[in-house]
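Participant: One file is attached below, data-v2.pdb, containing PDB, C-alpha atoms.
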MODEL        1
ATOM      1  CA  MET A   1      34.157 -16.042  22.261
ATOM      2  CA  THR A   2      31.816 -13.520  20.715
ATOM      3  CA  GLN A   3      28.091 -13.726  21.328
ATOM      4  CA  VAL A   4      25.624 -13.053  18.578
ATOM      5  CA  GLN A   5      23.877  -9.830  19.404
ATOM      6  CA  ILE A   6      20.115 -10.345  19.190
ATOM      7  CA  PRO A   7      18.425  -7.019  18.634
ATOM      8  CA  GLU A   8      15.967  -5.842  21.247
ATOM      9  CA  MET A   9      12.320  -6.376  20.506
ATOM     10  CA  SER A  10      10.409  -3.290  19.363
ATOM     11  CA  CYS A  11       6.888  -2.429  20.564
ATOM     12  CA  ARG A  12       5.658  -2.938  17.034
ATOM     13  CA  GLU A  13       7.131  -6.430  16.985
ATOM     14  CA  LEU A  14       5.843  -7.300  20.466
ATOM     15  CA  VAL A  15       2.176  -6.637  19.706
ATOM     16  CA  GLU A  16       2.333  -9.314  16.992
ATOM     17  CA  LEU A  17       3.597 -11.943  19.428
ATOM     18  CA  VAL A  18       1.054 -11.663  22.241
ATOM     19  CA  THR A  19      -1.088 -14.671  21.273
ATOM     20  CA  ASP A  20       1.991 -16.839  20.705
ATOM     21  CA  TYR A  21       3.242 -15.699  24.107
ATOM     22  CA  LEU A  22      -0.038 -16.402  25.920
ATOM     23  CA  ASP A  23      -0.359 -19.791  24.190
ATOM     24  CA  GLY A  24       3.165 -20.806  25.204
ATOM     25  CA  ALA A  25       4.153 -21.085  21.551
ATOM     26  CA  LEU A  26       7.157 -18.734  21.626
ATOM     27  CA  ALA A  27      10.716 -20.039  21.626
ATOM     28  CA  ALA A  28      12.481 -19.583  24.968
ATOM     29  CA  GLY A  29      14.764 -16.891  23.540
ATOM     30  CA  ASP A  30      11.809 -14.874  22.297
ATOM     31  CA  VAL A  31      10.034 -15.214  25.648
ATOM     32  CA  ALA A  32      13.110 -13.748  27.344
ATOM     33  CA  ARG A  33      13.317 -10.862  24.835
ATOM     34  CA  LEU A  34       9.599 -10.182  25.199
ATOM     35  CA  GLU A  35       9.699 -10.200  28.987
ATOM     36  CA  ASP A  36      12.801  -7.990  29.009
ATOM     37  CA  HIS A  37      10.938  -5.530  26.865
ATOM     38  CA  LEU A  38       7.841  -5.634  29.104
ATOM     39  CA  ASP A  39       9.990  -4.832  32.148
ATOM     40  CA  GLY A  40      10.900  -1.490  30.670
ATOM     41  CA  CYS A  41       7.822  -0.533  28.641
ATOM     42  CA  ASP A  42       4.588   0.791  30.195
ATOM     43  CA  GLY A  43       2.864   0.918  26.804
ATOM     44  CA  CYS A  44       3.437  -2.763  26.053
ATOM     45  CA  ARG A  45       2.463  -3.800  29.593
ATOM     46  CA  ALA A  46      -0.796  -1.891  29.127
ATOM     47  CA  TYR A  47      -1.246  -3.514  25.713
ATOM     48  CA  LEU A  48      -0.766  -7.015  27.130
ATOM     49  CA  GLU A  49      -3.210  -6.220  29.955
ATOM     50  CA  GLN A  50      -5.794  -4.965  27.449
ATOM     51  CA  MET A  51      -5.437  -8.188  25.465
ATOM     52  CA  ARG A  52      -5.882 -10.219  28.657
ATOM     53  CA  ASP A  53      -8.929  -8.121  29.599
ATOM     54  CA  THR A  54     -10.366  -8.649  26.122
ATOM     55  CA  ILE A  55      -9.888 -12.415  26.298
ATOM     56  CA  ALA A  56     -11.446 -12.533  29.783
ATOM     57  CA  ALA A  57     -14.450 -10.499  28.606
ATOM     58  CA  LEU A  58     -14.973 -12.874  25.670
ATOM     59  CA  GLY A  59     -14.994 -15.795  28.086
ATOM     60  CA  HIS A  60     -17.627 -14.169  30.294
ATOM     61  CA  LEU A  61     -20.391 -13.511  27.796
ATOM     62  CA  PRO A  62     -23.746 -14.592  29.230
ATOM     63  CA  PRO A  63     -24.739 -18.109  28.138
ATOM     64  CA  GLU A  64     -27.217 -18.615  25.329
ATOM     65  CA  SER A  65     -29.900 -21.245  25.177
ATOM     66  CA  LEU A  66     -32.513 -22.749  22.919
ATOM     67  CA  SER A  67     -36.051 -21.497  23.428
ATOM     68  CA  PRO A  68     -38.396 -23.989  25.174
ATOM     69  CA  GLU A  69     -40.263 -24.390  21.864
ATOM     70  CA  ALA A  70     -37.058 -25.257  20.015
ATOM     71  CA  LYS A  71     -36.141 -27.740  22.747
ATOM     72  CA  GLU A  72     -39.546 -29.392  22.431
ATOM     73  CA  LYS A  73     -39.143 -29.646  18.664
ATOM     74  CA  LEU A  74     -35.740 -31.194  19.192
ATOM     75  CA  MET A  75     -37.093 -33.850  21.567
ATOM     76  CA  ALA A  76     -39.829 -34.652  19.027
ATOM     77  CA  ALA A  77     -37.169 -35.001  16.320
ATOM     78  CA  PHE A  78     -35.262 -37.365  18.629
ATOM     79  CA  ALA A  79     -38.356 -39.515  19.128
ATOM     80  CA  ALA A  80     -38.872 -39.701  15.344
ATOM     81  CA  TRP A  81     -35.226 -40.619  14.831
ATOM     82  CA  ARG A  82     -35.517 -43.421  17.425
ATOM     83  CA  GLU A  83     -38.635 -44.780  15.710
ATOM     84  CA  GLU A  84     -36.792 -45.067  12.411
ATOM     85  CA  ARG A  85     -33.735 -46.683  13.858
TER      86      ARG A  85
ATOM     87  CA  MET B   1     -21.205 -34.764   7.509
ATOM     88  CA  PRO B   2     -17.604 -33.715   8.066
ATOM     89  CA  HIS B   3     -15.025 -36.395   8.590
ATOM     90  CA  GLU B   4     -13.757 -36.715  12.046
ATOM     91  CA  GLN B   5     -10.097 -35.846  12.220
ATOM     92  CA  ALA B   6      -7.434 -37.271  14.441
ATOM     93  CA  SER B   7      -6.803 -35.034  17.417
ATOM     94  CA  PRO B   8      -3.324 -33.504  17.490
ATOM     95  CA  GLY B   9      -3.435 -34.142  21.219
ATOM     96  CA  GLY B  10      -2.380 -31.965  24.100
ATOM     97  CA  ASP B  11      -5.948 -30.990  24.997
ATOM     98  CA  GLY B  12      -6.012 -28.537  27.843
ATOM     99  CA  GLY B  13      -9.202 -26.574  27.285
ATOM    100  CA  ARG B  14     -11.948 -26.290  29.847
ATOM    101  CA  THR B  15     -14.533 -27.848  27.567
ATOM    102  CA  THR B  16     -12.754 -30.501  25.603
ATOM    103  CA  GLY B  17     -12.612 -33.495  27.899
ATOM    104  CA  THR B  18     -13.859 -36.644  26.257
ATOM    105  CA  GLY B  19     -14.516 -38.158  29.692
ATOM    106  CA  GLY B  20     -18.097 -39.381  29.835
ATOM    107  CA  ASP B  21     -18.633 -38.965  26.104
ATOM    108  CA  GLU B  22     -18.242 -42.660  25.447
ATOM    109  CA  GLU B  23     -20.930 -43.703  27.863
ATOM    110  CA  ARG B  24     -23.361 -41.107  26.621
ATOM    111  CA  ILE B  25     -22.809 -42.053  23.011
ATOM    112  CA  ALA B  26     -23.430 -45.704  23.788
ATOM    113  CA  ALA B  27     -26.687 -44.702  25.507
ATOM    114  CA  LEU B  28     -27.637 -42.538  22.539
ATOM    115  CA  ARG B  29     -27.062 -45.433  20.145
ATOM    116  CA  ARG B  30     -29.498 -47.435  22.262
ATOM    117  CA  GLY B  31     -32.031 -44.619  21.813
ATOM    118  CA  ASP B  32     -31.922 -43.469  25.460
ATOM    119  CA  GLU B  33     -33.967 -40.266  25.660
ATOM    120  CA  ASP B  34     -32.504 -39.152  28.988
ATOM    121  CA  ALA B  35     -29.005 -39.413  27.543
ATOM    122  CA  PHE B  36     -30.058 -37.188  24.664
ATOM    123  CA  ARG B  37     -31.686 -34.676  27.011
ATOM    124  CA  THR B  38     -28.496 -34.547  29.105
ATOM    125  CA  LEU B  39     -26.364 -33.984  25.996
ATOM    126  CA  VAL B  40     -28.667 -31.232  24.812
ATOM    127  CA  SER B  41     -28.450 -29.389  28.119
ATOM    128  CA  GLU B  42     -24.669 -29.914  28.236
ATOM    129  CA  HIS B  43     -23.846 -28.790  24.712
ATOM    130  CA  GLY B  44     -26.950 -26.815  23.759
ATOM    131  CA  PRO B  45     -25.802 -23.428  25.104
ATOM    132  CA  PHE B  46     -22.389 -23.861  23.456
ATOM    133  CA  LEU B  47     -23.962 -24.705  20.084
ATOM    134  CA  MET B  48     -26.485 -21.896  20.331
ATOM    135  CA  ARG B  49     -23.724 -19.372  21.054
ATOM    136  CA  LEU B  50     -21.678 -20.715  18.156
ATOM    137  CA  ALA B  51     -24.661 -20.538  15.792
ATOM    138  CA  LEU B  52     -25.589 -17.005  16.876
ATOM    139  CA  MET B  53     -22.084 -15.810  16.063
ATOM    140  CA  HIS B  54     -22.311 -17.106  12.507
ATOM    141  CA  VAL B  55     -25.856 -16.629  11.228
ATOM    142  CA  PRO B  56     -27.926 -13.465  10.918
ATOM    143  CA  SER B  57     -30.835 -14.220  13.293
ATOM    144  CA  ARG B  58     -31.909 -16.153  16.360
ATOM    145  CA  ALA B  59     -34.543 -18.038  14.346
ATOM    146  CA  ILE B  60     -31.915 -19.250  11.860
ATOM    147  CA  ALA B  61     -29.533 -20.076  14.716
ATOM    148  CA  GLU B  62     -32.163 -22.328  16.330
ATOM    149  CA  GLU B  63     -32.709 -24.052  13.010
ATOM    150  CA  VAL B  64     -28.985 -24.619  12.523
ATOM    151  CA  VAL B  65     -28.684 -26.051  16.044
ATOM    152  CA  GLN B  66     -31.631 -28.369  15.384
ATOM    153  CA  ASP B  67     -30.111 -29.532  12.077
ATOM    154  CA  THR B  68     -26.790 -30.109  13.818
ATOM    155  CA  TRP B  69     -28.328 -32.444  16.392
ATOM    156  CA  LEU B  70     -30.183 -34.345  13.676
ATOM    157  CA  ALA B  71     -27.015 -34.740  11.608
ATOM    158  CA  ALA B  72     -25.207 -35.921  14.747
ATOM    159  CA  LEU B  73     -27.925 -38.496  15.526
ATOM    160  CA  ASN B  74     -27.894 -39.754  11.954
ATOM    161  CA  GLY B  75     -24.120 -39.992  12.038
ATOM    162  CA  ILE B  76     -23.737 -41.313  15.578
ATOM    163  CA  ASP B  77     -22.708 -44.791  14.411
ATOM    164  CA  ARG B  78     -19.786 -43.270  12.520
ATOM    165  CA  PHE B  79     -18.552 -41.234  15.487
ATOM    166  CA  GLU B  80     -15.365 -42.874  16.714
ATOM    167  CA  GLY B  81     -14.462 -40.651  19.616
ATOM    168  CA  ARG B  82     -11.178 -39.459  18.136
ATOM    169  CA  SER B  83     -12.250 -35.891  18.807
ATOM    170  CA  SER B  84     -14.476 -34.864  21.681
ATOM    171  CA  LEU B  85     -18.190 -34.935  21.034
ATOM    172  CA  ARG B  86     -18.271 -31.169  21.484
ATOM    173  CA  THR B  87     -15.677 -30.633  18.754
ATOM    174  CA  TRP B  88     -17.530 -32.971  16.454
ATOM    175  CA  LEU B  89     -20.805 -31.103  17.031
ATOM    176  CA  ALA B  90     -19.026 -27.774  16.479
ATOM    177  CA  SER B  91     -17.608 -28.872  13.129
ATOM    178  CA  ILE B  92     -21.034 -30.103  11.965
ATOM    179  CA  LEU B  93     -22.611 -26.806  13.002
ATOM    180  CA  LEU B  94     -19.978 -24.625  11.351
ATOM    181  CA  ASN B  95     -20.289 -26.582   8.104
ATOM    182  CA  LYS B  96     -24.006 -25.889   8.124
ATOM    183  CA  ALA B  97     -23.461 -22.209   8.865
ATOM    184  CA  ARG B  98     -20.927 -21.971   6.022
ATOM    185  CA  THR B  99     -23.305 -23.624   3.546
ATOM    186  CA  LEU B 100     -25.968 -21.160   4.604
ATOM    187  CA  GLY B 101     -23.526 -18.301   4.147
ATOM    188  CA  ARG B 102     -22.670 -19.445   0.621
ATOM    189  CA  ARG B 103     -26.330 -19.762  -0.292
ATOM    190  CA  GLU B 104     -27.023 -16.254   0.963
ATOM    191  CA  ARG B 105     -23.948 -14.683  -0.543
ATOM    192  CA  ARG B 106     -25.924 -12.988  -3.273
ATOM    193  CA  VAL B 107     -27.817 -10.921  -0.725
ATOM    194  CA  LEU B 108     -24.874 -10.198   1.560
ATOM    195  CA  PRO B 109     -23.669  -6.621   1.733
ATOM    196  CA  PHE B 110     -20.528  -5.728  -0.161
ATOM    197  CA  SER B 111     -18.587  -5.157   3.061
ATOM    198  CA  PHE B 112     -18.998  -8.833   3.946
ATOM    199  CA  LEU B 113     -17.372  -9.930   0.695
ATOM    200  CA  ALA B 114     -14.596  -7.410   1.184
ATOM    201  CA  ARG B 115     -13.953  -8.911   4.630
ATOM    202  CA  ARG B 116     -13.830 -12.392   3.171
ATOM    203  CA  ARG B 117     -11.206 -11.254   0.684
ATOM    204  CA  ALA B 118      -9.270  -9.502   3.419
ATOM    205  CA  GLU B 119      -8.948 -12.721   5.383
ATOM    206  CA  GLY B 120      -5.722 -13.965   3.910
ATOM    207  CA  ARG B 121      -3.961 -10.626   3.865
ATOM    208  CA  ASP B 122      -1.285  -9.691   6.284
ATOM    209  CA  GLU B 123      -2.901  -7.358   8.761
ATOM    210  CA  PRO B 124      -0.995  -5.643  11.562
ATOM    211  CA  ALA B 125      -2.358  -6.186  15.085
ATOM    212  CA  VAL B 126      -2.173  -2.462  15.799
ATOM    213  CA  ASP B 127      -2.607   0.519  13.469
ATOM    214  CA  PRO B 128       0.950   1.309  12.200
ATOM    215  CA  ASP B 129       0.305   5.017  12.888
ATOM    216  CA  ARG B 130       0.443   4.246  16.603
ATOM    217  CA  PHE B 131       4.193   3.589  16.296
ATOM    218  CA  GLN B 132       7.107   5.899  15.617
ATOM    219  CA  SER B 133       8.249   5.855  12.024
ATOM    220  CA  ALA B 134      11.745   5.386  10.605
ATOM    221  CA  ARG B 135      12.281   9.153  10.757
ATOM    222  CA  ASP B 136      11.516   9.345  14.481
ATOM    223  CA  GLN B 137      13.837   8.895  17.407
ATOM    224  CA  GLN B 138      12.812   5.324  18.229
ATOM    225  CA  PRO B 139      11.374   3.636  15.150
ATOM    226  CA  GLY B 140       8.927   0.860  16.115
ATOM    227  CA  ALA B 141       8.320   2.189  19.629
ATOM    228  CA  TRP B 142       4.888   3.478  20.632
ATOM    229  CA  ALA B 143       4.056   6.976  19.444
ATOM    230  CA  ARG B 144       0.625   6.808  21.046
ATOM    231  CA  PRO B 145       0.822   3.985  23.631
ATOM    232  CA  PRO B 146      -2.259   2.237  25.000
ATOM    233  CA  ILE B 147      -3.300   3.122  28.521
ATOM    234  CA  GLU B 148      -4.366   0.447  30.977
ATOM    235  CA  TRP B 149      -8.152   0.256  31.348
ATOM    236  CA  ASP B 150      -9.616   1.253  34.698
ATOM    237  CA  SER B 151     -11.644  -1.478  36.463
ATOM    238  CA  PRO B 152     -11.825  -3.494  33.233
ATOM    239  CA  GLU B 153     -13.930  -6.319  34.630
ATOM    240  CA  GLU B 154     -16.757  -4.003  35.564
ATOM    241  CA  ARG B 155     -16.608  -1.905  32.415
ATOM    242  CA  LEU B 156     -16.320  -4.887  30.108
ATOM    243  CA  SER B 157     -19.419  -6.556  31.516
ATOM    244  CA  SER B 158     -21.677  -3.583  30.750
ATOM    245  CA  ASP B 159     -24.308  -4.098  28.041
ATOM    246  CA  GLU B 160     -22.675  -1.363  26.014
ATOM    247  CA  ALA B 161     -19.221  -2.985  26.057
ATOM    248  CA  ARG B 162     -20.771  -6.371  25.223
ATOM    249  CA  ARG B 163     -22.532  -4.854  22.230
ATOM    250  CA  VAL B 164     -19.205  -3.421  21.013
ATOM    251  CA  LEU B 165     -17.556  -6.789  21.521
ATOM    252  CA  LEU B 166     -20.215  -8.755  19.633
ATOM    253  CA  GLU B 167     -20.264  -6.228  16.807
ATOM    254  CA  ALA B 168     -16.495  -6.416  16.486
ATOM    255  CA  ILE B 169     -16.744 -10.199  16.188
ATOM    256  CA  ALA B 170     -19.566  -9.985  13.658
ATOM    257  CA  ASP B 171     -17.309  -7.729  11.570
ATOM    258  CA  LEU B 172     -14.493 -10.296  11.416
ATOM    259  CA  PRO B 173     -13.781 -12.408   8.337
ATOM    260  CA  PRO B 174     -15.443 -15.846   8.785
ATOM    261  CA  ARG B 175     -12.369 -17.935   9.668
ATOM    262  CA  GLN B 176     -11.187 -15.429  12.285
ATOM    263  CA  ARG B 177     -14.682 -15.364  13.732
ATOM    264  CA  GLU B 178     -14.831 -19.152  13.935
ATOM    265  CA  VAL B 179     -11.506 -19.377  15.732
ATOM    266  CA  ILE B 180     -12.185 -16.636  18.287
ATOM    267  CA  THR B 181     -15.660 -18.013  19.019
ATOM    268  CA  LEU B 182     -14.288 -21.461  19.744
ATOM    269  CA  ARG B 183     -11.142 -20.442  21.592
ATOM    270  CA  ASP B 184     -12.078 -17.357  23.598
ATOM    271  CA  ILE B 185     -15.868 -17.408  23.870
ATOM    272  CA  SER B 186     -16.342 -21.158  24.298
ATOM    273  CA  GLY B 187     -12.968 -22.034  25.851
ATOM    274  CA  VAL B 188     -12.142 -24.826  23.387
ATOM    275  CA  SER B 189      -8.437 -25.771  23.439
ATOM    276  CA  ALA B 190      -6.081 -24.864  20.598
ATOM    277  CA  ALA B 191      -5.746 -28.513  19.598
ATOM    278  CA  GLU B 192      -9.506 -29.136  19.462
ATOM    279  CA  THR B 193     -10.003 -25.888  17.534
ATOM    280  CA  CYS B 194      -7.487 -27.003  14.892
ATOM    281  CA  ASN B 195      -9.304 -30.305  14.786
ATOM    282  CA  ALA B 196     -12.767 -28.797  14.360
ATOM    283  CA  LEU B 197     -11.696 -26.325  11.684
ATOM    284  CA  GLY B 198      -9.018 -28.348   9.897
ATOM    285  CA  LEU B 199      -6.320 -25.753  10.609
ATOM    286  CA  THR B 200      -2.642 -26.064  11.425
ATOM    287  CA  GLU B 201      -1.592 -24.829  14.877
ATOM    288  CA  THR B 202       0.248 -21.879  13.366
ATOM    289  CA  ASN B 203      -2.626 -20.864  11.140
ATOM    290  CA  GLN B 204      -5.047 -21.136  14.030
ATOM    291  CA  ARG B 205      -2.891 -18.825  16.163
ATOM    292  CA  VAL B 206      -2.513 -16.262  13.371
ATOM    293  CA  LEU B 207      -6.296 -16.138  12.862
ATOM    294  CA  LEU B 208      -6.887 -15.918  16.624
ATOM    295  CA  HIS B 209      -4.345 -13.148  17.040
ATOM    296  CA  ARG B 210      -5.853 -11.051  14.255
ATOM    297  CA  ALA B 211      -9.331 -11.555  15.663
ATOM    298  CA  ARG B 212      -8.334 -10.666  19.242
ATOM    299  CA  SER B 213      -6.367  -7.648  18.070
ATOM    300  CA  LYS B 214      -9.397  -6.257  16.257
ATOM    301  CA  VAL B 215     -11.723  -6.851  19.200
ATOM    302  CA  ARG B 216      -9.234  -5.138  21.537
ATOM    303  CA  ALA B 217      -8.956  -2.187  19.164
ATOM    304  CA  ALA B 218     -12.768  -1.876  19.013
ATOM    305  CA  LEU B 219     -12.970  -1.859  22.820
ATOM    306  CA  GLU B 220     -10.163   0.702  23.049
ATOM    307  CA  ARG B 221     -11.983   2.999  20.607
ATOM    308  CA  HIS B 222     -15.188   2.538  22.601
ATOM    309  CA  PHE B 223     -13.546   3.381  25.944
ATOM    310  CA  GLU B 224     -11.752   6.392  24.460
ATOM    311  CA  ALA B 225     -15.025   7.722  23.045
ATOM    312  CA  GLU B 226     -16.671   7.174  26.430
ATOM    313  CA  GLU B 227     -13.970   9.166  28.172
ATOM    314  CA  ILE B 228     -14.301  12.070  25.766
ATOM    315  CA  SER B 229     -18.052  12.205  26.239
ATOM    316  CA  THR B 230     -17.939  12.153  30.058
TER     317      THR B 230
ENDMDL
END
Would you write the structure of this file as structure tokens?
Facilitator:
Amino acid sequence: MTQVQIPEMSCRELVELVTDYLDGALAAGDVARLEDHLDGCDGCRAYLEQMRDTIAALGHLPPESLSPEAKEKLMAAFAAWREER
Amino acid sequence: MPHEQASPGGDGGRTTGTGGDEERIAALRRGDEDAFRTLVSEHGPFLMRLALMHVPSRAIAEEVVQDTWLAALNGIDRFEGRSSLRTWLASILLNKARTLGRRERRVLPFSFLARRRAEGRDEPAVDPDRFQSARDQQPGAWARPPIEWDSPEERLSSDEARRVLLEAIADLPPRQREVITLRDISGVSAAETCNALGLTETNQRVLLHRARSKVRAALERHFEAEEIST
């Protein structure tokens, strides 16, 4: 019985698969190839970490809010809407 | 008013639960002011963030948010709860921002139009020059590998890094910007993002990956420049 030889994943290929990997959208075989590659590649581990750091930073931007004046205007618009209903 | 689309399901995001929506919408239909105030404080910051990422000024963003709430109130009887209220609000807001963008296209800088055209093209996540070429020993392996960032959490929360991050997002083509704002900034699930933007799962992931890759590259350039100057 001969097994089909699946070529190793290159760094260049790996960087295109990071979002699929993090979203759990990669096929099991590709996950195994990707993780095999990570085991032996400092550059790709650093790349994956940088992507994770980037995503975390995006999720931690300070919240925004409407100005008190805009909120007041909005409540007035609500009252007008209710009148017309 | 965009049509509400059926949710592809599998919602796992931190902001997409429809729990509680039903009750609040019923209260809103009755004209309950407290229910409206609660909704505004729950979704207001999310909508304001979304608007700020897609229009040129805070004043316009506030207007777009206001218009979004009004459109939602006027359409509340047609809301069927097939998507979460938050997703529905997001799709109303983004439609308004897009209309605004089209109206202002004439005055937009050339680079913006170039970005819009670039949207569909196949863009590599990393500059191809960073990899070894076919003539090198290991084609496709790093030639200039990235280096792990020191204390990333601290460095990435500096005002300077945040400015770089927001500028990188502002530079993205519109669809990529919409996806990364929903997914990574606002924590909307993949399924709800597809729903709000009318994208397939695959398309959504491609846009997200391109967007994230560019933001990462901008941060890397920023950190490298910082290291040279210190």
Participant: Tell me, in Å to one decimal, how far CA of Ile185 in chain B is from CA of Leu58 in chain A.
Facilitator: 5.0 Å
Participant: Contacts from chain B to chain A, 6 Å maximum, only C-alpha atoms: show me the residue list as a list in words.
Facilitator: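 Close enough to count are Gly31, Pro45, Met48, Arg49, Ala125, Gly140, Ala141, Pro145, Pro146, Ile147, Glu148, Asp184, Ile185, His209 and Arg216 of chain B.
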Participant: Around (-5.0, -16.8, 15.8), as given in the file, which residues come within 12 Å? Count all atoms listed in the file and list them as number ranges by chain.
Facilitator: A: 16-23, 25; B: 119, 123, 125, 175-184, 190, 193-194, 199-214
Participant: Rank A:Val31, A:Leu26, A:Ala76, A:Leu38 by their smallest atom-to-atom distance to Glu33 in chain B, using all atoms listed in the file, and report the top residue only.
Facilitator: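 Among the listed residues, A:Ala76 lies closest to Glu33 in chain B.
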Participant: In Å, rounded to a single decimal, give me how far CA of Leu89 in chain B is from CA of Arg58 in chain B.
Facilitator: 18.6 Å
Participant: When the PyMOL selection byres ((chain B and resi 74) around 12) is applied to the file above, which residues end up in the set, as number ranges by chain?
Facilitator: A: 77-78, 80-82, 84-85; B: 1, 28-29, 31, 67-73, 75-79, 92
Participant: Based on the selection just made, write C-alpha atoms of those residues as a compact mmCIF listing (two decimals), in the frame of the given file.
Facilitator:
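Below is the file result-v5.txt, written as the result:
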# COMPACT_ATOMS: atom_id res chain seq x y z
CA ALA A 77 -37.17 -35.00 16.32
CA PHE A 78 -35.26 -37.36 18.63
CA ALA A 80 -38.87 -39.70 15.34
CA TRP A 81 -35.23 -40.62 14.83
CA ARG A 82 -35.52 -43.42 17.42
CA GLU A 84 -36.79 -45.07 12.41
CA ARG A 85 -33.74 -46.68 13.86
CA MET B 1 -21.20 -34.76 7.51
CA LEU B 28 -27.64 -42.54 22.54
CA ARG B 29 -27.06 -45.43 20.14
CA GLY B 31 -32.03 -44.62 21.81
CA ASP B 67 -30.11 -29.53 12.08
CA THR B 68 -26.79 -30.11 13.82
CA TRP B 69 -28.33 -32.44 16.39
CA LEU B 70 -30.18 -34.34 13.68
CA ALA B 71 -27.02 -34.74 11.61
CA ALA B 72 -25.21 -35.92 14.75
CA LEU B 73 -27.92 -38.50 15.53
CA GLY B 75 -24.12 -39.99 12.04
CA ILE B 76 -23.74 -41.31 15.58
CA ASP B 77 -22.71 -44.79 14.41
CA ARG B 78 -19.79 -43.27 12.52
CA PHE B 79 -18.55 -41.23 15.49
CA ILE B 92 -21.03 -30.10 11.96
Participant: Could you work out how far CA of Ser91 in chain B lies from CA of Ala196 in chain B, giving the answer in Å with one decimal?
Facilitator: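 The value is 5.0 Å.
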Participant: Please enumerate the residues selected by the PyMOL selection byres ((chain B and resi 162) around 12) when evaluated against the supplied file, formatted as a ChimeraX atom specification.
Facilitator: /A:54,57-62 /B:153-161,163-169,215,218-219,222
Participant: Smallest atom-to-atom distance to Leu85 in chain B: which of B:Pro173, B:Gly20, B:Gly198, B:Pro124, using all atoms listed in the file?
Facilitator: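 Of B:Pro173, B:Gly20, B:Gly198, B:Pro124, the one nearest Leu85 in chain B, counting all atoms listed in the file, is B:Gly20.
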Participant: Between B:Val188, B:Ala59, B:Ala26, B:Leu52, which is the closest to Arg86 in chain B once you count all atoms listed in the file?
Facilitator: B:Val188
Participant: Taking into account all atoms listed in the file, which residue in the set B:Leu47, B:Ala90, B:Leu172, B:Ala217 is nearest to Glu63 in chain B?
Facilitator: B:Leu47
